[in-house]
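**Student:** File structure07.cif below, mmCIF, C-alpha atoms and all ligand atoms:
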data_entry
loop_
_atom_site.label_atom_id
_atom_site.label_comp_id
_atom_site.auth_asym_id
_atom_site.auth_seq_id
_atom_site.Cartn_x
_atom_site.Cartn_y
_atom_site.Cartn_z
CA MET A 1201 -2.46 -5.77 -33.34
CA THR A 1202 -1.00 -4.56 -30.06
CA ALA A 1203 -2.66 -1.82 -27.98
CA PRO A 1204 -2.21 1.70 -29.40
CA ILE A 1205 0.59 3.84 -27.95
CA ARG A 1206 -0.91 6.95 -26.37
CA ILE A 1207 1.17 10.04 -27.09
CA LEU A 1208 0.80 13.50 -25.64
CA LEU A 1209 2.23 15.89 -28.23
CA VAL A 1210 3.25 19.26 -26.79
CA GLU A 1211 3.95 21.55 -29.76
CA ASP A 1212 2.80 25.13 -30.31
CA ASP A 1213 3.76 25.36 -33.99
CA PRO A 1214 0.72 24.02 -35.88
CA GLU A 1215 2.83 23.10 -38.93
CA ASP A 1216 5.30 21.06 -36.87
CA ALA A 1217 2.43 19.39 -35.04
CA GLU A 1218 0.71 18.44 -38.32
CA TYR A 1219 3.99 17.18 -39.73
CA LEU A 1220 4.61 14.93 -36.72
CA ALA A 1221 1.04 13.65 -36.68
CA ALA A 1222 1.31 12.82 -40.40
CA ILE A 1223 4.52 10.84 -39.86
CA LEU A 1224 2.95 8.86 -37.02
CA ASP A 1225 -0.08 8.23 -39.20
CA ARG A 1226 2.13 6.52 -41.74
CA ALA A 1227 3.30 3.85 -39.28
CA HIS A 1228 1.91 0.47 -40.32
CA ASP A 1229 2.52 -1.93 -37.49
CA VAL A 1230 1.78 0.44 -34.58
CA GLN A 1231 -1.27 2.50 -33.85
CA PHE A 1232 -0.92 5.86 -32.11
CA GLU A 1233 -3.50 7.84 -30.22
CA ILE A 1234 -2.37 11.44 -30.18
CA GLU A 1235 -3.54 14.14 -27.82
CA ARG A 1236 -2.30 17.61 -28.76
CA VAL A 1237 -1.66 20.63 -26.55
CA ASP A 1238 0.34 23.80 -27.23
CA ARG A 1239 1.50 24.85 -23.76
CA LEU A 1240 3.49 23.24 -20.97
CA SER A 1241 0.82 24.11 -18.39
CA SER A 1242 -1.87 22.32 -20.43
CA ALA A 1243 0.53 19.39 -20.90
CA LEU A 1244 1.02 19.00 -17.14
CA THR A 1245 -2.74 19.01 -16.56
CA ALA A 1246 -3.40 16.59 -19.44
CA ALA A 1247 -0.64 14.20 -18.28
CA THR A 1248 -2.10 13.78 -14.79
CA LYS A 1249 -5.61 13.39 -16.20
CA THR A 1250 -5.08 10.96 -19.10
CA ARG A 1251 -1.70 9.40 -18.18
CA PRO A 1252 -0.28 8.98 -21.71
CA ASP A 1253 2.36 6.31 -22.39
CA VAL A 1254 4.84 8.95 -23.51
CA VAL A 1255 5.12 12.71 -24.04
CA LEU A 1256 6.77 14.36 -27.07
CA LEU A 1257 7.80 17.79 -25.89
CA ASP A 1258 8.84 20.78 -27.94
CA LEU A 1259 11.35 22.90 -26.06
CA THR A 1260 10.18 26.32 -27.21
CA LEU A 1261 6.68 26.89 -25.90
CA PRO A 1262 4.74 30.09 -25.11
CA ASP A 1263 4.98 29.39 -21.38
CA ALA A 1264 8.39 27.68 -21.10
CA GLU A 1265 11.69 27.83 -22.89
CA GLY A 1266 14.68 25.48 -23.32
CA LEU A 1267 16.00 23.55 -20.34
CA LYS A 1268 13.47 25.23 -18.04
CA THR A 1269 10.80 23.33 -19.97
CA VAL A 1270 12.65 20.08 -19.27
CA ARG A 1271 13.04 20.74 -15.56
CA ARG A 1272 9.38 21.59 -15.07
CA ALA A 1273 8.38 18.60 -17.20
CA ARG A 1274 10.50 16.22 -15.14
CA LEU A 1275 8.81 17.33 -11.93
CA GLY A 1276 5.32 17.50 -13.41
CA PHE A 1277 5.23 14.29 -15.47
CA GLY A 1278 6.45 12.07 -12.61
CA SER A 1279 6.97 8.58 -14.00
CA ILE A 1280 5.60 9.31 -17.50
CA PRO A 1281 8.57 9.21 -19.90
CA PHE A 1282 9.11 12.18 -22.20
CA LEU A 1283 11.21 12.84 -25.28
CA VAL A 1284 12.15 16.33 -26.36
CA LEU A 1285 11.86 17.68 -29.89
CA THR A 1286 14.68 19.93 -31.04
CA GLY A 1287 15.45 21.73 -34.27
CA PHE A 1288 18.35 20.88 -36.55
CA HIS A 1289 20.53 23.64 -35.09
CA ASP A 1290 20.10 22.92 -31.41
CA GLU A 1291 20.89 19.24 -31.19
CA ALA A 1292 23.23 20.04 -28.27
CA LEU A 1293 20.20 21.19 -26.33
CA GLY A 1294 18.76 17.68 -26.78
CA VAL A 1295 21.79 16.15 -25.08
CA ASP A 1296 21.43 18.59 -22.17
CA ALA A 1297 17.74 17.72 -21.95
CA VAL A 1298 18.58 14.04 -21.56
CA GLN A 1299 20.92 14.92 -18.72
CA GLU A 1300 18.06 16.81 -17.08
CA GLY A 1301 15.71 13.83 -17.17
CA ALA A 1302 14.30 13.49 -20.72
CA GLN A 1303 14.48 9.89 -21.96
CA ASP A 1304 15.77 10.91 -25.40
CA TYR A 1305 15.67 13.68 -28.00
CA LEU A 1306 14.40 13.73 -31.57
CA VAL A 1307 15.65 16.20 -34.17
CA LYS A 1308 12.55 17.43 -35.98
CA ASP A 1309 14.07 17.73 -39.46
CA LYS A 1310 15.39 14.17 -39.42
CA LEU A 1311 12.28 12.27 -38.45
CA ASP A 1312 10.66 9.21 -39.88
CA ALA A 1313 8.02 6.90 -38.46
CA GLY A 1314 10.45 4.04 -37.74
CA LEU A 1315 12.76 6.30 -35.77
CA ILE A 1316 9.95 7.73 -33.65
CA ILE A 1317 8.49 4.29 -32.96
CA ARG A 1318 11.86 2.96 -31.84
CA ALA A 1319 12.60 5.98 -29.65
CA VAL A 1320 9.13 5.89 -28.08
CA ARG A 1321 9.32 2.17 -27.35
CA TYR A 1322 12.79 2.48 -25.81
CA ALA A 1323 11.64 5.40 -23.70
CA ILE A 1324 8.63 3.49 -22.34
CA GLU A 1325 10.72 0.41 -21.66
CA ARG A 1326 13.54 2.33 -19.94
CA GLN A 1327 11.06 4.17 -17.74
CA ARG A 1328 9.35 0.88 -16.80
CA ALA A 1329 12.71 -0.65 -15.85
CA ALA A 1330 13.61 2.43 -13.78
CA ASP A 1331 10.24 2.34 -11.94
CA GLU A 1332 10.67 -1.36 -11.25
CA ALA A 1333 14.18 -0.81 -9.85
CA ALA A 1334 12.90 2.00 -7.61
CA ASN A 1335 10.07 -0.25 -6.37
CA LEU A 1336 12.49 -3.03 -5.62
CA ARG A 1337 14.79 -0.68 -3.68
CA GLN A 1338 11.84 0.52 -1.62
CA ARG A 1339 10.72 -3.05 -0.85
CA GLU A 1340 14.25 -3.98 0.15
CA ALA A 1341 14.46 -1.01 2.51
CA LEU A 1342 11.14 -2.01 4.11
CA GLN A 1343 12.34 -5.58 4.47
CA ARG A 1344 15.57 -4.48 6.15
CA GLU A 1345 13.57 -2.35 8.56
CA PHE A 1346 11.23 -5.29 9.26
CA VAL A 1347 14.13 -7.64 10.01
CA ALA A 1348 15.71 -5.07 12.33
CA ASN A 1349 12.38 -4.73 14.18
CA VAL A 1350 11.95 -8.50 14.35
CA SER A 1351 15.31 -9.02 16.04
CA HIS A 1352 14.50 -6.32 18.55
CA GLU A 1353 11.00 -7.67 19.25
CA LEU A 1354 12.28 -11.23 19.73
CA ARG A 1355 15.10 -10.18 22.00
CA THR A 1356 12.85 -8.37 24.50
CA PRO A 1357 10.78 -11.39 25.67
CA LEU A 1358 13.83 -13.68 25.45
CA THR A 1359 15.78 -11.38 27.77
CA ALA A 1360 12.84 -11.34 30.21
CA ILE A 1361 12.60 -15.15 30.19
CA LYS A 1362 16.32 -15.51 30.79
CA ALA A 1363 16.17 -13.05 33.69
CA SER A 1364 13.25 -14.92 35.31
CA LEU A 1365 15.03 -18.28 34.94
CA GLU A 1366 18.16 -16.79 36.45
CA SER A 1367 16.18 -15.50 39.45
CA LEU A 1368 14.56 -18.92 39.93
CA ARG A 1369 17.97 -20.58 39.92
CA ARG A 1370 19.32 -18.08 42.44
CA GLY A 1371 16.86 -19.04 45.16
CA GLY A 1372 13.45 -18.15 43.79
CA LEU A 1373 12.58 -21.84 43.60
CA SER A 1374 12.53 -22.31 47.37
CA ASP A 1375 10.03 -19.52 48.05
CA PRO A 1376 6.60 -20.56 46.64
CA PRO A 1377 5.12 -17.03 46.02
CA THR A 1378 8.33 -15.83 44.27
CA ARG A 1379 8.45 -19.06 42.27
CA GLU A 1380 4.84 -18.61 41.09
CA ARG A 1381 5.51 -15.01 40.11
CA PHE A 1382 8.53 -15.91 37.94
CA ILE A 1383 6.78 -18.89 36.37
CA ALA A 1384 3.80 -16.71 35.49
CA ALA A 1385 6.18 -14.15 33.93
CA ILE A 1386 7.86 -16.88 31.88
CA GLU A 1387 4.48 -18.17 30.75
CA ARG A 1388 3.39 -14.70 29.65
CA GLN A 1389 6.58 -14.01 27.74
CA THR A 1390 6.51 -17.44 26.07
CA GLU A 1391 2.96 -16.79 24.89
CA HIS A 1392 4.03 -13.42 23.54
CA LEU A 1393 6.96 -15.05 21.70
CA ALA A 1394 4.67 -17.72 20.22
CA ARG A 1395 2.29 -15.06 18.96
CA LEU A 1396 5.15 -13.02 17.47
CA VAL A 1397 6.45 -16.05 15.57
CA GLU A 1398 2.96 -16.92 14.36
CA GLU A 1399 2.27 -13.39 13.15
CA MET A 1400 5.64 -13.01 11.50
CA LEU A 1401 4.92 -16.22 9.59
CA ALA A 1402 1.59 -14.71 8.52
CA VAL A 1403 3.40 -11.61 7.23
CA ALA A 1404 5.90 -13.77 5.31
CA THR A 1405 3.14 -15.92 3.79
CA LEU A 1406 1.14 -12.90 2.68
CA GLU A 1407 4.29 -11.29 1.26
CA SER A 1408 5.23 -14.31 -0.84
CA GLY A 1409 1.75 -15.39 -1.98
CA GLY A 1410 -0.08 -14.01 -4.98
CA LEU A 1411 -3.72 -12.94 -4.87
CA GLY A 1412 -5.52 -14.84 -2.06
CA ALA A 1413 -4.23 -18.42 -1.94
CA ASN A 1414 -7.66 -19.89 -2.58
CA PRO A 1415 -10.35 -17.29 -3.29
CA GLN A 1416 -13.94 -18.55 -3.34
CA ALA A 1417 -17.53 -17.44 -2.73
CA LEU A 1418 -18.07 -17.16 1.02
CA GLU A 1419 -21.22 -16.53 3.03
CA LEU A 1420 -20.16 -13.58 5.17
CA GLY A 1421 -22.89 -13.90 7.84
CA THR A 1422 -21.98 -17.50 8.68
CA ILE A 1423 -18.30 -16.65 9.18
CA VAL A 1424 -19.05 -13.52 11.24
CA ARG A 1425 -21.46 -15.41 13.55
CA GLN A 1426 -18.97 -18.25 14.11
CA MET A 1427 -16.30 -15.75 14.96
CA LEU A 1428 -18.49 -13.86 17.41
CA ASP A 1429 -19.20 -17.19 19.17
CA ASP A 1430 -15.44 -17.72 19.52
CA PHE A 1431 -15.08 -14.29 21.16
CA ALA A 1432 -18.20 -14.57 23.36
CA SER A 1433 -16.49 -15.55 26.61
CA LYS A 1434 -13.66 -13.02 26.21
CA ALA A 1435 -16.17 -10.23 25.57
CA ALA A 1436 -18.40 -11.31 28.47
CA ALA A 1437 -15.40 -11.27 30.82
CA ALA A 1438 -14.75 -7.64 29.83
CA LYS A 1439 -18.50 -6.81 29.98
CA ILE A 1440 -18.57 -5.91 26.30
CA SER A 1441 -21.57 -6.68 24.11
CA LEU A 1442 -21.06 -8.09 20.59
CA SER A 1443 -23.55 -7.80 17.74
CA ALA A 1444 -23.70 -8.28 13.98
CA ASP A 1445 -26.32 -7.41 11.39
CA GLY A 1446 -26.95 -6.68 7.74
CA PHE A 1447 -25.48 -9.93 6.43
CA ASP A 1448 -28.56 -11.51 4.82
CA LYS A 1449 -27.16 -13.93 2.25
CA MET A 1450 -24.31 -11.53 1.55
CA ARG A 1451 -21.45 -13.28 -0.24
CA VAL A 1452 -17.88 -12.16 -0.84
CA TRP A 1453 -15.12 -13.50 -3.08
CA ALA A 1454 -12.07 -14.12 -0.85
CA ASP A 1455 -9.68 -16.64 0.60
CA PRO A 1456 -11.46 -18.14 3.67
CA ASP A 1457 -8.34 -18.15 5.86
CA HIS A 1458 -7.66 -14.52 4.98
CA LEU A 1459 -11.25 -13.47 5.70
CA ILE A 1460 -11.18 -15.17 9.11
CA GLU A 1461 -7.82 -13.54 9.92
CA ILE A 1462 -9.14 -10.07 8.92
CA LEU A 1463 -12.34 -10.35 10.98
CA HIS A 1464 -10.51 -11.95 13.89
CA ASN A 1465 -7.88 -9.18 14.12
CA LEU A 1466 -10.36 -6.30 13.84
CA THR A 1467 -12.81 -7.82 16.35
CA GLU A 1468 -10.02 -8.70 18.77
CA ASN A 1469 -8.78 -5.08 18.67
CA ALA A 1470 -12.33 -3.73 19.07
CA ILE A 1471 -12.67 -5.77 22.28
CA LYS A 1472 -9.12 -5.25 23.52
CA TYR A 1473 -9.11 -1.45 23.16
CA ASN A 1474 -12.65 -1.03 24.50
CA LYS A 1475 -14.02 0.07 27.89
CA THR A 1476 -15.97 -1.90 30.48
CA GLY A 1477 -19.63 -1.91 29.45
CA GLY A 1478 -18.77 -0.96 25.86
CA SER A 1479 -19.93 -2.58 22.64
CA VAL A 1480 -18.63 -3.96 19.35
CA ARG A 1481 -20.84 -4.01 16.29
CA ILE A 1482 -20.17 -5.59 12.89
CA THR A 1483 -22.25 -4.46 9.92
CA ALA A 1484 -22.08 -4.80 6.15
CA GLN A 1485 -23.43 -3.02 3.10
CA GLU A 1486 -23.05 -3.36 -0.64
CA SER A 1487 -21.50 -0.63 -2.74
CA ASP A 1488 -20.26 -0.65 -6.36
CA GLY A 1489 -19.97 -4.42 -6.77
CA ALA A 1490 -18.11 -4.68 -3.47
CA VAL A 1491 -19.14 -5.51 0.07
CA GLU A 1492 -18.06 -3.07 2.78
CA VAL A 1493 -17.77 -4.48 6.28
CA THR A 1494 -17.47 -2.19 9.31
CA VAL A 1495 -16.24 -3.16 12.76
CA SER A 1496 -17.26 -0.41 15.19
CA ASP A 1497 -16.29 -0.12 18.83
CA THR A 1498 -17.07 2.27 21.67
CA GLY A 1499 -13.50 2.06 22.93
CA VAL A 1500 -10.58 4.33 23.68
CA GLY A 1501 -10.08 5.51 20.08
CA ILE A 1502 -6.84 6.53 18.39
CA ALA A 1503 -5.22 9.95 18.84
CA LYS A 1504 -4.89 12.08 15.69
CA ASP A 1505 -1.07 12.18 15.81
CA GLU A 1506 -0.91 8.35 15.91
CA THR A 1507 -3.33 7.84 13.00
CA PRO A 1508 -0.72 7.69 10.19
CA LEU A 1509 1.27 4.98 12.02
CA ILE A 1510 -1.51 2.52 12.81
CA PHE A 1511 -0.78 0.11 9.91
CA THR A 1512 3.01 0.19 10.41
CA PRO A 1513 4.36 -3.20 11.54
CA PHE A 1514 5.11 -3.30 15.30
CA HIS A 1515 3.57 0.11 15.97
CA ARG A 1516 1.49 0.25 19.14
CA THR A 1517 -0.22 3.37 20.49
CA ARG A 1518 0.85 5.14 23.67
CA TYR A 1519 -2.39 3.90 25.25
CA ALA A 1520 -1.60 0.22 24.47
CA THR A 1521 1.96 0.38 25.78
CA SER A 1522 1.24 2.53 28.85
CA LYS A 1523 -1.62 0.26 29.94
CA LYS A 1524 0.58 -2.79 29.18
CA ILE A 1525 -2.12 -4.35 27.00
CA SER A 1526 -0.56 -7.45 25.43
CA GLY A 1527 0.06 -7.42 21.68
CA THR A 1528 2.78 -7.37 19.04
CA GLY A 1529 1.61 -4.50 16.84
CA LEU A 1530 1.50 -6.78 13.79
CA GLY A 1531 -2.24 -7.53 13.67
CA LEU A 1532 -3.30 -4.53 11.59
CA SER A 1533 -0.42 -4.69 9.14
CA ILE A 1534 -1.30 -8.36 8.50
CA THR A 1535 -4.96 -7.41 8.14
CA LYS A 1536 -4.15 -4.68 5.63
CA ARG A 1537 -2.02 -7.03 3.53
CA ALA A 1538 -4.71 -9.72 3.64
CA VAL A 1539 -7.45 -7.30 2.54
CA GLU A 1540 -5.33 -5.97 -0.32
CA ARG A 1541 -4.33 -9.47 -1.47
CA ASN A 1542 -8.03 -10.15 -1.93
CA GLY A 1543 -8.60 -7.01 -3.97
CA GLY A 1544 -10.05 -4.82 -1.19
CA ARG A 1545 -9.23 -1.73 0.85
CA LEU A 1546 -8.89 -1.15 4.61
CA TRP A 1547 -9.29 2.20 6.40
CA PHE A 1548 -10.61 3.63 9.64
CA GLU A 1549 -12.03 6.63 11.44
CA SER A 1550 -11.58 7.20 15.11
CA ASP A 1551 -12.84 9.58 17.74
CA PRO A 1552 -10.36 9.63 20.65
CA GLY A 1553 -12.16 8.68 23.85
CA LYS A 1554 -15.31 7.62 22.00
CA GLY A 1555 -14.41 4.73 19.68
CA SER A 1556 -13.30 3.63 16.21
CA HIS A 1557 -14.77 2.31 12.97
CA PHE A 1558 -12.61 0.02 10.87
CA HIS A 1559 -13.91 -0.57 7.33
CA PHE A 1560 -12.79 -3.04 4.68
CA THR A 1561 -14.10 -3.96 1.25
CA LEU A 1562 -14.03 -7.27 -0.62
CA PRO A 1563 -15.36 -8.14 -4.06
CA ARG A 1564 -18.97 -9.37 -4.06
CA ALA A 1565 -19.40 -13.01 -5.09
N1 LIG B 1 -10.07 -0.58 17.68
C1 LIG B 1 -9.01 0.07 18.17
N2 LIG B 1 -9.15 1.07 19.07
C2 LIG B 1 -8.09 1.74 19.56
N3 LIG B 1 -6.80 1.46 19.25
C3 LIG B 1 -6.58 0.46 18.37
C4 LIG B 1 -7.66 -0.28 17.78
N4 LIG B 1 -7.12 -1.19 16.93
C5 LIG B 1 -5.79 -1.03 16.99
N5 LIG B 1 -5.44 -0.04 17.86
C6 LIG B 1 -4.07 0.45 18.16
O1 LIG B 1 -3.24 0.11 17.05
C7 LIG B 1 -2.15 -0.69 17.47
C8 LIG B 1 -1.82 -1.70 16.41
O2 LIG B 1 -2.84 -2.69 16.35
P1 LIG B 1 -2.45 -4.18 15.95
O3 LIG B 1 -3.69 -4.99 15.92
O4 LIG B 1 -1.62 -4.09 14.73
O5 LIG B 1 -1.49 -4.63 17.12
P2 LIG B 1 -1.80 -5.13 18.58
O6 LIG B 1 -3.26 -5.29 18.81
O7 LIG B 1 -1.03 -4.26 19.49
O8 LIG B 1 -1.07 -6.55 18.57
P3 LIG B 1 -1.51 -7.88 17.82
O9 LIG B 1 -0.43 -8.08 16.82
O10 LIG B 1 -1.50 -8.87 18.89
O11 LIG B 1 -2.82 -7.65 17.17
C9 LIG B 1 -2.57 -1.30 18.78
O12 LIG B 1 -1.48 -1.56 19.60
C10 LIG B 1 -3.46 -0.22 19.37
O13 LIG B 1 -2.65 0.70 20.01
MG MG B 2 -4.39 -6.43 17.36
#
Now that the file is in, can you turn its structure into structure tokens?
Ligand SMILES: Nc1ncnc2c1ncn2[C@@H]1O[C@H](COP(=O)(O)OP(=O)(O)OP(=O)(O)O)[C@@H](O)[C@H]1O
Ligand SMILES: [Mg+2]
**Tutor:**
Amino acid sequence: MTAPIRILLVEDDPEDAEYLAAILDRAHDVQFEIERVDRLSSALTAATKTRPDVVLLDLTLPDAEGLKTVRRARLGFGSIPFLVLTGFHDEALGVDAVQEGAQDYLVKDKLDAGLIIRAVRYAIERQRAADEAANLRQREALQREFVANVSHELRTPLTAIKASLESLRRGGLSDPPTRERFIAAIERQTEHLARLVEEMLAVATLESGGLGANPQALELGTIVRQMLDDFASKAAAAKISLSADGFDKMRVWADPDHLIEILHNLTENAIKYNKTGGSVRITAQESDGAVEVTVSDTGVGIAKDETPLIFTPFHRTRYATSKKISGTGLGLSITKRAVERNGGRLWFESDPGKGSHFHFTLPRA
């Protein structure tokens, strides 16, 4: 037997409600779970709380009448499909209701179990298809925006390289200090380009892959310590201390490449946006079957008005751009995708001028 269909029945006439429930009870091949309410306001509350598969909505209720009921329902039920119930004499109202957003209408006096089952199943299916189409449109819009950003981001270093080469050709080669300056600029821009290409590949891979390519049980402490060793000389050069604790035998279930990428990006940021003499600390704790890792820094922090944009691809804060700190603005959006692909969450708190805490969760192994 398939899963029961959960119906929210909004009907204030007890006789009509009983009659409908009795018909649904007679269905053999489908099981229904019916929740009954007699007002639109209670229906809107119930729908957000229990998220039924479908709502059957009477149009004459103590707190709403006719098409007004439909309009409020459409706004309040969001993506939960609803069918309206009309009487024999107001079938025309049913047609209007469909135009206002109801999936279908059922005439109360002409009901039988088969008809309701078919209408309910069609309504659920049509709503699912509509949601899927809306999702697809949103993804396509994001992709178009990403491609537009990519072309812009690639063009900037390319233009700079071309300009430096041009200057070298026009005489810069013969003057050693000028030559060194242009070569250094070309080197810097080439490195930036290489990083952009690498990170864009990471975005594409994470976009196309399913849940972590190869999830497995990983010893978190070992990976964190190895990574801190890799960053040791960079941190020492910036006079920043690195520490990690709380990892005793803690194990997570994740793709190893993803985990390294996540830790690498967060630690790199914590060092890069820090202050001389500052510190970076990585800690972990268990909560609700998950492991929560926190990367804390005593750095420059993130201004409140820039907080909502931090995970947007290519976004860099005013601080990063004004101080000309190198970066593509892709690190955190890759990190967020990688965490989510492995079934976790990523978020942060920041105190401008004092530092930031980036947290992520992963399932415990
Ligand atoms: N720990 C942090 N403290 C302060 N600002 C941060 C921190 N982490 C990220 N940011 C801000 O968020 C922006 C986006 O970070 P993200 O890691 O995505 O890009 P990036 O570091 O600029 O470039 P890259 O792609 O090379 O990592 C950064 O440019 C920086 O302005
Ligand atoms: Mg970064």
**Student:** Please list as a list in words every residue within 8 Å of Glu1235 in chain A, counting only C-alpha atoms and excluding residues in the same chain fewer than 6 positions away.
**Tutor:**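 Here the qualifying residues turn out to be Arg1206, Ile1207, Leu1208 and Leu1209 of chain A.
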**Student:** How would you write, as an MDAnalysis selection string, the set of residues no farther than 10 Å from ligand MG 2 (chain B) when counting only C-alpha atoms and all ligand atoms?
**Tutor:** chainID A and resid 1464:1473 1516 1526:1535
**Student:** Keeping only C-alpha atoms, write the selected residues as a JSON list (two decimals), in the frame of the given file.
**Tutor:**
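This went into selection_17.json:
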[["chain", "number", "residue", "atom", "x", "y", "z"],
["A", 1464, "HIS", "CA", -10.51, -11.95, 13.89],
["A", 1465, "ASN", "CA", -7.88, -9.18, 14.12],
["A", 1466, "LEU", "CA", -10.36, -6.30, 13.84],
["A", 1467, "THR", "CA", -12.81, -7.82, 16.35],
["A", 1468, "GLU", "CA", -10.02, -8.70, 18.77],
["A", 1469, "ASN", "CA", -8.78, -5.08, 18.67],
["A", 1470, "ALA", "CA", -12.33, -3.73, 19.07],
["A", 1471, "ILE", "CA", -12.67, -5.77, 22.28],
["A", 1472, "LYS", "CA", -9.12, -5.25, 23.52],
["A", 1473, "TYR", "CA", -9.11, -1.45, 23.16],
["A", 1516, "ARG", "CA", 1.49, 0.25, 19.14],
["A", 1526, "SER", "CA", -0.56, -7.45, 25.43],
["A", 1527, "GLY", "CA", 0.06, -7.42, 21.68],
["A", 1528, "THR", "CA", 2.78, -7.37, 19.04],
["A", 1529, "GLY", "CA", 1.61, -4.50, 16.84],
["A", 1530, "LEU", "CA", 1.50, -6.78, 13.79],
["A", 1531, "GLY", "CA", -2.24, -7.53, 13.67],
["A", 1532, "LEU", "CA", -3.30, -4.53, 11.59],
["A", 1533, "SER", "CA", -0.42, -4.69, 9.14],
["A", 1534, "ILE", "CA", -1.30, -8.36, 8.50],
["A", 1535, "THR", "CA", -4.96, -7.41, 8.14]]
**Student:** I want to know what sits within 12 Å of range 1291-1302 of chain A, based on all atoms listed in the file, with residues of the same chain fewer than 5 positions away left out; could you give that as a PyMOL selection string?
**Tutor:** chain A and resi 1254-1260+1265-1286+1307-1310+1319-1320+1323-1324+1326-1327
**Student:** Which polymer residues have any atom within 7 Å of an atom of range 1389-1398 of chain A, counting only C-alpha atoms, with same-chain residues fewer than 6 positions away left out, as a list of chain:residue names?
**Tutor:**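 Contacts, with the query itself left out: A:Leu1354, A:Pro1357, A:Ile1361, A:Thr1528.
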**Student:** Using only C-alpha atoms, what residues lie at most 12 Å away from (-15.1, -18.5, 9.4) (file coordinates), given as a list in words?
**Tutor:** Leu1418, Glu1419, Leu1420, Gly1421, Thr1422, Ile1423, Val1424, Arg1425, Gln1426, Met1427, Leu1428, Asp1429, Asp1430, Ala1454, Asp1455, Pro1456, Asp1457, His1458, Leu1459, Ile1460, Glu1461, Ile1462, Leu1463 and His1464 of chain A
**Student:** So which residues fall inside 12 Å of (-5.0, 11.9, -16.9) if we count all atoms listed in the file? Mind giving them as a list in words?
**Tutor:** Arg1206, Leu1208, Glu1235, Ser1242, Ala1243, Leu1244, Thr1245, Ala1246, Ala1247, Thr1248, Lys1249, Thr1250, Arg1251, Pro1252, Asp1253, Phe1277 and Ile1280 of chain A
**Student:** So how far away is atom P2 of ligand LIG 1 (chain B) from CA of Val1350 in chain A, in Å?
**Tutor:**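 We find that CA of Val1350 in chain A and atom P2 of ligand LIG 1 (chain B) lie 14.8 Å from each other.
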**Student:** What's the 7 Å shell around range 1497-1505 of chain A, counting only C-alpha atoms, without same-chain residues fewer than 5 positions away, as a list of chain:residue names?
**Tutor:**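 Skipping anything fewer than 5 positions along the chain leaves A:Ala1470, A:Tyr1473, A:Asn1474, A:Lys1475, A:Gly1478, A:Ser1479, A:Val1480, A:Arg1481, A:Ser1550, A:Asp1551, A:Pro1552, A:Gly1553, A:Lys1554, A:Gly1555, A:Ser1556, A:His1557.
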**Student:** Using only C-alpha atoms and all ligand atoms, find the one residue out of A:Thr1476, A:Asn1335, A:Ser1496, A:Ser1441 that sits nearest to ligand LIG 1 (chain B).
**Tutor:**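 Of A:Thr1476, A:Asn1335, A:Ser1496, A:Ser1441, the one nearest ligand LIG 1 (chain B) is A:Ser1496, counting only C-alpha atoms and all ligand atoms.
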**Student:** Find the distance between CA of Asn1542 in chain A and CA of Leu1562 in chain A and write it in Å to one decimal.
**Tutor:** 6.8 Å
**Student:** Just checking: using only C-alpha atoms and all ligand atoms, which residue out of A:Tyr1322, A:Trp1547, A:Phe1232, A:Phe1447 ends up closest to ligand LIG 1 (chain B)?
**Tutor:**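 Among A:Tyr1322, A:Trp1547, A:Phe1232, A:Phe1447, it is A:Trp1547 that comes nearest to ligand LIG 1 (chain B).
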**Student:** Rounded to one decimal place, report the CA of Trp1453 in chain A-CA of Gln1416 in chain A distance in Å.
**Tutor:** 5.2 Å
**Student:** Select, from A:Ala1334, A:Leu1315, A:Ile1383, A:Leu1220, the residue with the minimum atom-to-atom distance to Ala1363 in chain A, counting all atoms listed in the file.
**Tutor:**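 Nearest candidate to Ala1363 in chain A out of A:Ala1334, A:Leu1315, A:Ile1383, A:Leu1220: A:Ile1383.
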